[in-house]
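A.B. asks: Below is the file start.cif, which contains mmCIF, C-alpha atoms (C1' of nucleotides).
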```
data_structure
#
loop_
_atom_site.label_atom_id
_atom_site.label_comp_id
_atom_site.auth_asym_id
_atom_site.auth_seq_id
_atom_site.Cartn_x
_atom_site.Cartn_y
_atom_site.Cartn_z
CA MET K 183 52.85 149.36 241.96
CA ILE K 184 50.00 151.59 240.84
CA ILE K 185 46.63 149.93 240.23
CA LYS K 186 44.02 152.12 238.52
CA LEU K 187 40.47 150.82 238.84
CA ASP K 188 37.19 152.35 237.74
CA MET K 189 34.47 150.95 239.98
CA SER K 190 31.76 152.46 237.78
CA SER K 191 33.13 150.86 234.63
CA SER K 192 31.28 148.07 232.86
CA ILE K 193 34.55 146.13 232.70
CA PRO K 194 34.66 143.61 235.57
CA ILE K 195 37.06 144.48 238.39
CA TYR K 196 38.98 141.21 238.03
CA GLU K 197 39.55 142.03 234.36
CA GLN K 198 40.68 145.59 235.09
CA LEU K 199 43.05 144.24 237.75
CA ARG K 200 44.40 141.65 235.30
CA ASN K 201 45.05 144.40 232.76
CA GLN K 202 46.71 146.66 235.32
CA ILE K 203 49.11 143.90 236.36
CA VAL K 204 50.03 143.14 232.73
CA LEU K 205 50.67 146.85 232.15
CA GLY K 206 52.66 146.99 235.40
CA ILE K 207 54.96 144.23 234.12
CA GLY K 208 55.38 146.07 230.81
CA ARG K 209 56.18 149.36 232.55
CA GLY K 210 58.71 147.63 234.77
CA ASP K 211 56.83 148.39 237.99
CA LEU K 212 56.78 144.64 238.39
CA LYS K 213 60.07 142.89 237.61
CA ILE K 214 60.35 139.34 236.39
CA GLY K 215 60.65 137.11 239.43
CA GLN K 216 59.07 139.68 241.70
CA GLY K 217 56.26 138.56 243.98
CA LEU K 218 52.83 140.07 243.72
CA PRO K 219 51.09 141.21 246.89
CA THR K 220 49.21 138.36 248.55
CA VAL K 221 45.60 137.93 247.55
CA ARG K 222 44.49 139.22 250.93
CA GLN K 223 46.86 142.19 250.87
CA MET K 224 45.87 143.21 247.34
CA ALA K 225 42.19 142.82 248.21
CA GLU K 226 42.65 145.12 251.19
CA ASP K 227 44.74 147.63 249.22
CA ILE K 228 42.25 148.12 246.41
CA GLY K 229 39.15 147.49 248.52
CA VAL K 230 37.65 144.45 246.90
CA ASN K 231 36.86 140.86 247.81
CA THR K 232 39.68 138.33 248.05
CA MET K 233 38.01 136.07 245.51
CA THR K 234 37.97 138.91 242.98
CA VAL K 235 41.75 139.19 243.31
CA SER K 236 42.10 135.41 243.27
CA LYS K 237 40.21 135.31 239.98
CA ALA K 238 42.51 137.91 238.43
CA TYR K 239 45.59 135.98 239.61
CA SER K 240 44.10 132.74 238.32
CA ILE K 241 43.52 134.26 234.87
CA LEU K 242 47.08 135.62 234.77
CA LYS K 243 48.35 132.16 235.69
CA ASN K 244 46.28 130.49 232.94
CA GLU K 245 47.46 133.08 230.43
CA GLY K 246 51.06 132.44 231.40
CA TYR K 247 52.00 135.80 232.88
CA ILE K 248 52.60 134.68 236.45
CA GLU K 249 53.34 131.51 238.38
CA ILE K 250 51.65 130.58 241.62
CA ASP K 251 53.05 128.50 244.45
CA ARG K 252 51.12 127.64 247.53
CA ARG K 253 52.70 129.42 250.42
CA HIS K 254 55.25 131.17 248.20
CA GLY K 255 52.52 133.18 246.48
CA ALA K 256 52.24 134.68 243.03
CA LYS K 257 55.38 135.57 241.10
CA VAL K 258 55.86 137.41 237.80
CA LYS K 259 57.04 134.96 235.13
CA PRO K 260 55.84 135.69 231.56
CA LYS K 261 55.90 132.62 229.32
CA LEU K 262 56.54 133.11 225.61
CA ASP K 263 53.73 132.09 223.25
CA ASN K 264 54.40 131.77 219.52
CA SER K 265 51.14 129.94 218.84
CA GLN K 266 48.91 130.80 215.91
CA LYS K 267 46.05 131.30 218.34
CA PHE K 268 47.83 134.14 220.08
CA LYS K 269 48.82 135.74 216.76
CA GLU K 270 45.17 135.66 215.71
CA TYR K 271 44.15 137.25 218.97
CA VAL K 272 46.56 140.13 218.37
CA GLU K 273 45.49 140.44 214.72
CA ASN K 274 41.81 140.60 215.63
CA GLU K 275 42.29 143.18 218.37
CA LEU K 276 44.60 145.22 216.17
CA SER K 277 42.20 145.08 213.21
CA LEU K 278 39.37 146.47 215.28
CA LEU K 279 41.49 149.22 216.83
CA ILE K 280 42.98 150.32 213.50
CA THR K 281 39.54 150.29 211.87
CA GLU K 282 38.05 152.40 214.66
CA SER K 283 40.97 154.82 214.47
CA ARG K 284 40.71 155.08 210.70
CA LEU K 285 36.96 155.73 210.76
CA LYS K 286 37.38 158.35 213.49
CA GLY K 287 40.03 160.22 211.53
CA ILE K 288 43.24 159.25 213.31
CA SER K 289 45.93 159.06 210.63
CA PHE K 290 47.96 155.89 210.29
CA ASN K 291 51.06 157.98 210.99
CA ASP K 292 49.61 159.07 214.32
CA PHE K 293 48.75 155.47 215.05
CA LEU K 294 52.31 154.35 214.34
CA ASN K 295 53.71 157.23 216.41
CA MET K 296 51.52 156.17 219.33
CA SER K 297 52.75 152.59 218.95
CA ASN K 298 56.37 153.73 218.91
CA SER K 299 55.98 155.88 222.02
CA ILE K 300 54.35 153.03 223.89
CA PHE K 301 56.98 150.52 222.83
CA ILE K 302 59.88 152.81 223.74
CA ALA K 303 58.38 153.47 227.16
CA MET K 304 58.40 149.77 227.97
CA LYS K 305 61.68 148.75 226.34
CA GLY K 306 64.00 146.57 228.38
CA LEU K 307 62.26 144.03 230.58
CA ARG K 308 64.40 143.45 233.62
CA THR K 309 64.52 140.72 236.20
CA LEU K 310 64.80 141.27 239.92
CA GLY K 311 68.54 140.61 239.57
CA GLY K 312 68.92 143.40 237.06
CA GLU K 313 69.86 141.53 233.90
CA ILE K 314 67.78 142.18 230.79
CA GLN K 315 65.42 139.47 229.60
CA MET A 305 28.15 141.38 204.38
CA ILE A 306 29.72 138.61 206.44
CA ILE A 307 28.94 138.53 210.14
CA LYS A 308 31.03 136.13 212.21
CA LEU A 309 29.58 135.35 215.62
CA ASP A 310 30.73 132.91 218.29
CA MET A 311 27.70 131.94 220.33
CA SER A 312 29.88 130.20 222.91
CA SER A 313 32.06 133.26 223.43
CA SER A 314 31.96 135.23 226.66
CA ILE A 315 31.70 138.41 224.60
CA PRO A 316 28.04 139.47 224.38
CA ILE A 317 26.39 138.94 220.98
CA TYR A 318 25.46 142.60 220.63
CA GLU A 319 29.12 143.53 221.16
CA GLN A 320 30.37 140.96 218.64
CA LEU A 321 27.81 142.25 216.16
CA ARG A 322 28.89 145.84 216.80
CA ASN A 323 32.51 144.84 216.16
CA GLN A 324 31.65 142.93 213.00
CA ILE A 325 29.81 145.93 211.55
CA VAL A 326 32.72 148.27 212.33
CA LEU A 327 35.10 145.81 210.66
CA GLY A 328 32.70 145.51 207.73
CA ILE A 329 32.85 149.27 207.18
CA GLY A 330 36.63 149.17 207.35
CA ARG A 331 36.86 146.30 204.85
CA GLY A 332 34.50 148.11 202.50
CA ASP A 333 31.78 145.47 202.69
CA LEU A 334 29.62 148.30 203.94
CA LYS A 335 30.00 151.56 202.01
CA ILE A 336 29.39 154.99 203.47
CA GLY A 337 25.75 155.83 202.92
CA GLN A 338 24.77 152.21 202.56
CA GLY A 339 21.81 150.95 204.55
CA LEU A 340 22.21 148.18 207.08
CA PRO A 341 19.72 145.32 207.05
CA THR A 342 16.64 146.10 209.10
CA VAL A 343 16.72 145.07 212.74
CA ARG A 344 14.25 142.29 212.01
CA GLN A 345 16.09 141.09 208.92
CA MET A 346 19.47 141.04 210.67
CA ALA A 347 17.94 139.26 213.67
CA GLU A 348 16.53 136.60 211.37
CA ASP A 349 19.77 136.28 209.37
CA ILE A 350 22.01 135.69 212.37
CA GLY A 351 19.40 133.94 214.49
CA VAL A 352 19.12 136.24 217.48
CA ASN A 353 16.50 138.41 219.12
CA THR A 354 15.54 141.72 217.51
CA MET A 355 16.41 143.61 220.69
CA THR A 356 19.94 142.22 220.57
CA VAL A 357 20.37 143.71 217.11
CA SER A 358 18.65 146.91 218.17
CA LYS A 359 21.15 147.25 221.01
CA ALA A 360 24.10 146.82 218.64
CA TYR A 361 22.66 149.44 216.25
CA SER A 362 21.98 151.77 219.17
CA ILE A 363 25.60 151.49 220.35
CA LEU A 364 26.89 152.15 216.82
CA LYS A 365 24.66 155.22 216.65
CA ASN A 366 25.90 156.53 220.00
CA GLU A 367 29.50 155.92 218.96
CA GLY A 368 28.93 157.82 215.74
CA TYR A 369 29.41 155.06 213.20
CA ILE A 370 25.87 154.98 211.80
CA GLU A 371 22.81 157.18 211.62
CA ILE A 372 19.31 155.97 212.25
CA ASP A 373 16.10 157.31 210.80
CA ARG A 374 12.70 155.99 211.67
CA ARG A 375 11.32 154.29 208.63
CA HIS A 376 14.47 154.91 206.60
CA GLY A 377 16.48 152.58 208.85
CA ALA A 378 20.14 152.46 209.77
CA LYS A 379 22.74 153.95 207.43
CA VAL A 380 26.54 153.87 207.53
CA LYS A 381 27.86 157.35 208.35
CA PRO A 382 31.11 157.46 210.40
CA LYS A 383 31.58 160.73 212.25
CA LEU A 384 35.13 161.97 212.84
CA ASP A 385 36.23 162.27 216.47
CA ASN A 386 39.38 164.19 217.33
CA SER A 387 38.58 164.34 221.04
CA GLN A 388 41.18 163.62 223.71
CA LYS A 389 38.84 160.99 225.13
CA PHE A 390 38.99 158.93 221.96
CA LYS A 391 42.79 159.31 221.74
CA GLU A 392 43.07 158.00 225.29
CA TYR A 393 40.86 155.05 224.43
CA VAL A 394 43.14 154.11 221.54
CA GLU A 395 46.26 154.65 223.66
CA ASN A 396 44.96 152.45 226.45
CA GLU A 397 43.93 149.63 224.14
CA LEU A 398 47.17 149.89 222.21
CA SER A 399 49.28 149.91 225.38
CA LEU A 400 47.69 146.71 226.59
CA LEU A 401 48.02 144.96 223.23
CA ILE A 402 51.66 145.97 222.75
CA THR A 403 52.50 144.94 226.30
CA GLU A 404 50.86 141.55 225.84
CA SER A 405 52.65 141.06 222.52
CA ARG A 406 55.99 142.05 224.01
CA LEU A 407 55.63 139.73 226.99
CA LYS A 408 54.61 136.86 224.71
CA GLY A 409 57.61 137.32 222.46
CA ILE A 410 56.13 139.00 219.40
CA SER A 411 58.78 141.40 218.11
CA PHE A 412 57.90 145.03 217.61
CA ASN A 413 58.77 144.60 213.94
CA ASP A 414 56.19 141.84 213.61
CA PHE A 415 53.69 144.06 215.39
CA LEU A 416 54.34 146.91 212.95
CA ASN A 417 54.16 144.55 209.98
CA MET A 418 50.79 143.30 211.21
CA SER A 419 49.60 146.89 211.56
CA ASN A 420 50.75 147.72 208.04
CA SER A 421 49.02 144.70 206.50
CA ILE A 422 45.79 145.53 208.26
CA PHE A 423 45.92 149.18 207.26
CA ILE A 424 46.70 148.44 203.63
CA ALA A 425 43.82 145.94 203.45
CA MET A 426 41.35 148.66 204.45
CA LYS A 427 42.78 151.63 202.56
CA GLY A 428 40.36 153.77 200.60
CA LEU A 429 36.97 154.19 202.24
CA ARG A 430 34.39 154.62 199.50
CA THR A 431 30.88 155.96 199.43
CA LEU A 432 27.97 154.32 197.67
CA GLY A 433 28.53 156.76 194.81
CA GLY A 434 32.11 155.61 194.36
CA GLU A 435 34.12 158.68 195.34
CA ILE A 436 36.78 158.23 198.02
CA GLN A 437 36.07 159.69 201.44
"C1'" DT H 912 -6.39 158.14 204.00
"C1'" DT H 913 -4.76 153.69 205.00
"C1'" DA H 914 -1.65 150.01 205.38
"C1'" DT H 915 2.94 148.86 205.97
"C1'" DT H 916 7.59 149.06 207.62
"C1'" DT H 917 10.90 151.24 210.46
"C1'" DG H 918 13.45 151.47 215.11
"C1'" DT H 919 12.31 151.30 219.74
"C1'" DA H 920 9.88 150.66 224.24
"C1'" DT H 921 7.66 147.61 227.42
"C1'" DT H 922 6.86 143.60 230.15
"C1'" DA H 923 7.93 139.19 231.59
"C1'" DT H 924 11.08 135.52 232.15
"C1'" DA H 925 15.34 132.98 232.62
"C1'" DA H 926 20.10 132.07 232.76
"C1'" DT H 927 24.53 133.75 233.50
"C1'" DT H 928 27.88 136.77 235.40
"C1'" DT H 929 29.87 139.55 238.88
"C1'" DA H 930 30.89 140.61 243.53
"C1'" DT H 931 30.66 140.14 248.40
"C1'" DA H 932 30.89 137.65 252.86
"C1'" DA H 933 32.21 134.16 255.94
"C1'" DT H 934 34.40 130.08 256.47
"C1'" DA H 935 37.28 126.24 255.63
"C1'" DC H 936 40.98 123.52 253.55
"C1'" DA H 937 45.54 121.85 251.74
"C1'" DA H 938 50.25 122.93 251.26
"C1'" DA H 939 54.39 124.88 252.58
"C1'" DT H 940 57.23 127.38 255.66
"C1'" DA H 941 59.18 129.29 259.92
"C1'" DT N 212 53.10 123.33 265.64
"C1'" DA N 213 51.41 127.68 264.30
"C1'" DT N 214 51.09 130.68 260.52
"C1'" DT N 215 50.52 132.20 255.85
"C1'" DT N 216 49.62 131.03 251.19
"C1'" DG N 217 46.16 130.41 247.26
"C1'" DT N 218 41.90 128.32 246.67
"C1'" DA N 219 37.34 126.04 247.42
"C1'" DT N 220 32.78 126.24 249.29
"C1'" DT N 221 28.37 128.07 250.41
"C1'" DA N 222 25.16 131.59 250.52
"C1'" DT N 223 23.44 135.81 248.87
"C1'" DA N 224 22.49 139.69 245.96
"C1'" DA N 225 22.65 142.60 242.09
"C1'" DA N 226 23.50 143.36 237.40
"C1'" DT N 227 23.90 141.71 232.76
"C1'" DT N 228 22.52 139.21 228.78
"C1'" DA N 229 19.16 137.19 225.87
"C1'" DT N 230 14.70 135.76 224.50
"C1'" DA N 231 9.66 136.29 223.62
"C1'" DA N 232 5.55 138.66 222.65
"C1'" DT N 233 3.52 142.81 222.09
"C1'" DA N 234 2.86 147.58 221.29
"C1'" DC N 235 3.94 152.27 219.79
"C1'" DA N 236 5.38 156.44 217.07
"C1'" DA N 237 7.05 158.01 212.79
"C1'" DA N 238 7.56 157.94 208.04
"C1'" DT N 239 6.64 156.11 203.64
"C1'" DA N 240 4.04 153.88 199.90
"C1'" DA N 241 -0.19 152.48 197.97
#
```
As structure tokens, please, write out the structure in this file.
C.D. replies:
Amino acid sequence: MIIKLDMSSSIPIYEQLRNQIVLGIGRGDLKIGQGLPTVRQMAEDIGVNTMTVSKAYSILKNEGYIEIDRRHGAKVKPKLDNSQKFKEYVENELSLLITESRLKGISFNDFLNMSNSIFIAMKGLRTLGGEIQ
Amino acid sequence: MIIKLDMSSSIPIYEQLRNQIVLGIGRGDLKIGQGLPTVRQMAEDIGVNTMTVSKAYSILKNEGYIEIDRRHGAKVKPKLDNSQKFKEYVENELSLLITESRLKGISFNDFLNMSNSIFIAMKGLRTLGGEIQ
DNA sequence: TTATTTGTATTATAATTTATAATACAAATA
DNA sequence: TATTTGTATTATAAATTATAATACAAATAA
């Protein structure tokens, strides 16, 4: 599992780590059901405080991407969310990104091609057992 | 020009304002060449400090969405950007958003439909004069 | 020329956020 | 019973965010 962090970024480390774990699940580096490194292990690996990792894990739990058991640790388990709130979140983020792209001269075709490439690269979420979710 | 701000959000006001102005250009509320309200006027309108507005304008200038003249004020003038850096920014944001959507159960079709709706709603950037950019 | 309006800089202040460090605790497991 | 888990606590420090009051340089209008 590759975690890319930019310590000089203005984006908080816990947020970068949260994003990297979400992307890791999408890429398939992290399978559904797979355990994440312990808070202490992850903190040592990436060279940050344990509470920074704990915060990232806590956010991922609240967002419904992982489950956390005491002793058993953190485990990948994305929960579906067909709420209007989540749709609006996606719409708002997408609106901003498409607007920025448009104003900067990226064609809508290029934008759709990018989207396709990204989607294809992450197609087929698999569990630890191997079956497709 | 409608500016929607959430004062209880964790996103800084200057960043929300920056986003709202970008979206306003995309929607056509702000035409190319059109002047933005003065820093003081905008600050009064939305009820924040002048320096908060100044910071938002300054970011938009640095990102190449507006131009700023002393005395003449801030003016909408998006600059094209075909740099690799900008492409990577879009790719990274898009990757995260598609991954989140996928994990939450939004189909790729729905995602593309959303993208289409958003793009259609902002088609045809116009200048103050009326000609299409 | 003079007064006014523009964005911006400065200074001070305050609250919040972010991150670290050291320690401790509750729960579950071996 | 000892160990490992996520988490809570406490203290500390730095950076960020926002406000307030004031001032400045540049450009325009009177």
A.B. asks: Just so the selection is clear, what residues does the PyMOL selection byres ((chain A and resi 423) around 12) cover here, as a ChimeraX atom specification?
C.D. replies: /K:273,276-285,289-291,293-294 /A:327,330-331,416-422,424-429
A.B. asks: Near region 214-229 of chain N, within 6 Å and counting all atoms listed in the file, which residues show up once chain neighbours fewer than 6 positions away are dropped, as number ranges by chain?
C.D. replies: K: 252-253, 255
A.B. asks: Per residue of chain A within 12 Å of chain H, which atom pair is closest and at what distance in Å (one decimal), using only C-alpha atoms (C1' of nucleotides), listed by chain and increasing number, as CSV?
C.D. replies:
```
residue,atom,partner,partner_atom,distance
A:Ser314,CA,H:DT928,C1',9.8
A:Ile315,CA,H:DT928,C1',11.6
A:Pro316,CA,H:DT927,C1',11.3
A:Pro341,CA,H:DT917,C1',11.2
A:Thr342,CA,H:DT917,C1',7.8
A:Val343,CA,H:DG918,C1',7.6
A:Arg344,CA,H:DT917,C1',9.7
A:Gln345,CA,H:DT917,C1',11.5
A:Thr354,CA,H:DG918,C1',10.3
A:Met355,CA,H:DT919,C1',8.8
A:Thr356,CA,H:DT919,C1',11.9
A:Val357,CA,H:DG918,C1',10.6
A:Ser358,CA,H:DG918,C1',7.6
A:Lys359,CA,H:DT919,C1',9.8
A:Tyr361,CA,H:DG918,C1',9.5
A:Ser362,CA,H:DG918,C1',9.5
A:Lys365,CA,H:DG918,C1',11.9
A:Glu371,CA,H:DG918,C1',11.5
A:Ile372,CA,H:DG918,C1',7.9
A:Asp373,CA,H:DG918,C1',7.7
A:Arg374,CA,H:DT917,C1',5.2
A:Arg375,CA,H:DT917,C1',3.6
A:His376,CA,H:DT917,C1',6.4
A:Gly377,CA,H:DT917,C1',6.0
A:Ala378,CA,H:DG918,C1',8.6
```
A.B. asks: Restricted to C-alpha atoms, what would the selected residues look like written as a CSV table (one decimal), in the coordinates of the input?
C.D. replies:
```csv
chain,number,residue,atom,x,y,z
A,314,SER,CA,32.0,135.2,226.7
A,315,ILE,CA,31.7,138.4,224.6
A,316,PRO,CA,28.0,139.5,224.4
A,341,PRO,CA,19.7,145.3,207.0
A,342,THR,CA,16.6,146.1,209.1
A,343,VAL,CA,16.7,145.1,212.7
A,344,ARG,CA,14.2,142.3,212.0
A,345,GLN,CA,16.1,141.1,208.9
A,354,THR,CA,15.5,141.7,217.5
A,355,MET,CA,16.4,143.6,220.7
A,356,THR,CA,19.9,142.2,220.6
A,357,VAL,CA,20.4,143.7,217.1
A,358,SER,CA,18.6,146.9,218.2
A,359,LYS,CA,21.2,147.2,221.0
A,361,TYR,CA,22.7,149.4,216.2
A,362,SER,CA,22.0,151.8,219.2
A,365,LYS,CA,24.7,155.2,216.6
A,371,GLU,CA,22.8,157.2,211.6
A,372,ILE,CA,19.3,156.0,212.2
A,373,ASP,CA,16.1,157.3,210.8
A,374,ARG,CA,12.7,156.0,211.7
A,375,ARG,CA,11.3,154.3,208.6
A,376,HIS,CA,14.5,154.9,206.6
A,377,GLY,CA,16.5,152.6,208.8
A,378,ALA,CA,20.1,152.5,209.8
```
A.B. asks: List the residues matched by the PyMOL selection byres ((chain N) within 12 of (chain A)) in the displayed structure as a PDB file with C-alpha atoms (C1' of nucleotides), in the frame of the given file, ordered by chain and then by residue number.
C.D. replies:
```
ATOM      1  C1'  DT N 227      23.900 141.710 232.760  1.00  0.00           C
ATOM      2  C1'  DT N 228      22.520 139.210 228.780  1.00  0.00           C
ATOM      3  C1'  DA N 229      19.160 137.190 225.870  1.00  0.00           C
ATOM      4  C1'  DT N 230      14.700 135.760 224.500  1.00  0.00           C
ATOM      5  C1'  DA N 231       9.660 136.290 223.620  1.00  0.00           C
ATOM      6  C1'  DA N 232       5.550 138.660 222.650  1.00  0.00           C
ATOM      7  C1'  DA N 236       5.380 156.440 217.070  1.00  0.00           C
ATOM      8  C1'  DA N 237       7.050 158.010 212.790  1.00  0.00           C
ATOM      9  C1'  DA N 238       7.560 157.940 208.040  1.00  0.00           C
ATOM     10  C1'  DT N 239       6.640 156.110 203.640  1.00  0.00           C
ATOM     11  C1'  DA N 240       4.040 153.880 199.900  1.00  0.00           C
TER      12       DA N 240
END
```
A.B. asks: Rounded to one decimal in Å, what is the spacing between CA of Ile314 (chain K) and CA of Lys186 (chain K)?
C.D. replies: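 Taking CA of Ile314 (chain K) and CA of Lys186 (chain K), their separation equals 26.9 Å.
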A.B. asks: Just checking: using only C-alpha atoms, which residue out of A:Val326, A:Arg430, A:Val380, A:Asp349 ends up closest to chain K?
C.D. replies: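 Ranked by minimum distance to chain K, first place goes to A:Val326.
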A.B. asks: In Å, with one decimal, what is the gap from CA of Glu197 (chain K) to CA of Asn244 (chain K)?
C.D. replies: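 Spanning CA of Glu197 (chain K) to CA of Asn244 (chain K) is a straight-line distance of 13.4 Å.
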A.B. asks: Would you mind reading off the distance between CA of Asn386 (chain A) and CA of Lys286 (chain K), one decimal, in Å?
C.D. replies: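 Computing it gives 7.3 Å between the two atoms.
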A.B. asks: Using only C-alpha atoms, which of A:Gly434, A:Leu340, A:Met346, A:Asn323 sits nearest chain K?
C.D. replies: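 Smallest separation from chain K among the options: A:Asn323.
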A.B. asks: Which one is closest to chain K: A:Ile336, A:Lys379, A:Ile306, A:Ile350? Count all atoms listed in the file.
C.D. replies: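 Among A:Ile336, A:Lys379, A:Ile306, A:Ile350, it is A:Ile336 that comes nearest to chain K.
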A.B. asks: Find the residue from K:Ile203, K:Ile241, K:Leu310, K:Gly229 that sits nearest to chain A; use all atoms listed in the file when measuring.
C.D. replies: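 Distance minimum relative to chain A lands on K:Ile203.
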